[in-house]
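Quick notes on the structure that follows.
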Number of protein chains: 2
Amino acid sequence: MNEQFFFESLSDETRRRILVLILKHEELCVCELFQALDVPQPKVSRHLAVLREAVVLAQRREGLWVYYRINPLLPTWAYRTLEQMVQGCGDLELFLSDSKRLDEMPNRPVRCCA
Amino acid sequence: MNEQFFFESLSDETRRRILVLILKHEELCVCELFQALDVPQPKVSRHLAVLREAVVLAQRREGLWVYYRINPLLPTWAYRTLEQMVQGCGDLELFLSDSKRLDEMPNRPVRCCA
DNA sequence: TGATCATATCTGCCAAAGCGAATATAGTCT
DNA sequence: AGACTATATTCGCTTTGGCAGATATGATCA
């Protein structure tokens, strides 16, 4: 666990939006994320790559879909930091509308064995 | 409290070193900080300015010296985030040697009414 | 094998952030 | 006022980081 990468990964708003959504929903796939955030897919993929390289997120492939979740090996202090971030950001307008778009999204992929 | 500025302020290692020292010691002046970190004084002043503008630190002048402490108005979630940061970074070699240099520093300014 | 869908990476560009060195400001003391 | 000390800011430069748009990869199914 490299704290430099960890804190850098929190310094971007798009990445915080991704993390908050995943913390609220356990596990989400790329198509859910970029539609909830309403940003281009390559943009979300790049930020997911940053979060993967920082070992903050883990990924899992299921057919065509790739699901992202918080890395279960994240140290306790780092996980608690993420929880505090949700406290600080989760109720802001921008983050709430992400959740709303996700809830209203049609054709969300169905996990067969999540 | 702007979370963008808050998380950006944590994304730099020098600023984390400053924050960890201050969290461990309540209040420190600029000369203690730049000597403990063993970096040029203007560098520490620039980073302190970033932390001030992010409203993470508050300052207090006492004669020639300027003392910095955690902004007492910091929201709870942000303060807890800082505490988790100390958990994650405080025991790393780099941060420990900062503390050591501070302890061994001669002529530390004496607070008359801290 | 070729078509299709989901995701990832690359390219070229621009803006922001960090640095060292020099300089400015602000307070204190004689 | 002038000298001195502590701290802050500016300047010129280089590096890094983010973006959009285009393209590549990888899995699935006909």
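The chains in the structure tokens are called A, B, ... from first to last as shown; in each chain the residues are counted from 1, and the ligands are counted from 1 in the order shown.
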Taking only C-alpha atoms (C1' of nucleotides) into account, produce a table as a tab-separated table in which each residue of chain C with an atom at most 9 Å from an atom of chain B appears once, together with its shortest atom pair and the distance in Å to one decimal, ordered by chain and rising number.
residue	atom	partner	partner_atom	distance
C:DC19	C1'	B:Lys43	CA	8.2
C:DG20	C1'	B:Lys43	CA	8.9
C:DA26	C1'	B:Leu64	CA	8.2
C:DG27	C1'	B:Leu64	CA	5.5
C:DT28	C1'	B:Leu64	CA	7.4
Neighbour list for Arg80 of chain B as number ranges by chain, cut-off 10 Å, only C-alpha atoms (C1' of nucleotides), skip fewer than 6 positions in-chain:
A: 80-81, 83-85; B: 74, 86
Would you list which chain B residues are within 12 Å of chain A using only C-alpha atoms, as an MDAnalysis selection string?
chainID B and resid 1:17 74:90 92
Quick one: pull the distance between atom CA of Pro72 of chain B and atom CA of Leu51 of chain B, Å, one decimal.
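Atom CA of Leu51 of chain B lies 13.5 Å from atom CA of Pro72 of chain B.
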Check segment 21-91 of chain A with DSSP on the backbone and list each residue it calls strand (DSSP E), as a list in words.
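DSSP on the backbone gives strand (DSSP E) at Glu27, Leu28, Cys29, Leu57, Ala58, Gln59, Arg60, Arg61, Glu62, Trp65, Val66, Tyr67, Tyr68, Arg69 and Ile70 of chain A.
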Save the residues we just selected, C-alpha atoms, as a CSV table (one decimal), in the first residue's frame?
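What ended up in result.csv:
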chain,number,residue,atom,x,y,z
A,27,GLU,CA,-19.9,-3.5,-6.7
A,28,LEU,CA,-20.5,-1.8,-10.0
A,29,CYS,CA,-19.6,-2.4,-13.6
A,57,LEU,CA,-10.1,-1.0,-6.4
A,58,ALA,CA,-10.2,-4.6,-7.4
A,59,GLN,CA,-11.8,-5.8,-10.6
A,60,ARG,CA,-13.6,-9.0,-11.7
A,61,ARG,CA,-14.7,-9.9,-15.1
A,62,GLU,CA,-18.0,-11.6,-15.8
A,65,TRP,CA,-18.7,-6.9,-18.1
A,66,VAL,CA,-16.0,-5.9,-15.7
A,67,TYR,CA,-17.0,-5.2,-12.1
A,68,TYR,CA,-15.2,-3.0,-9.7
A,69,ARG,CA,-15.2,-3.1,-6.0
A,70,ILE,CA,-13.1,-1.8,-3.1
Any idea what the distance is between atom C1' of DC4 of chain D and atom CA of Met105 of chain B?
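Between these atoms lies a distance of 22.1 Å.
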Chain D contacts to chain A at 12 Å (only C-alpha atoms (C1' of nucleotides)) as a PyMOL selection string:
chain D and resi 16-23+26-29
Got a sec to tell me which of chain B DSSP assigns to helix (DSSP H, G or I), as number ranges by chain?
B: 3-10, 13-25, 30-37, 41-53, 76-89, 93-103
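The gap separating atom CA of Glu53 of chain A from atom CA of Ser97 of chain B is 28.0 Å, in Å to one decimal.
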Which residue is closest to DG12 of chain D? Choose from C:DA22, C:DA16, C:DC29, C:DC10 and count only C-alpha atoms (C1' of nucleotides).
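Between C:DA22, C:DA16, C:DC29, C:DC10, the residue approaching DG12 of chain D most closely is C:DA22.
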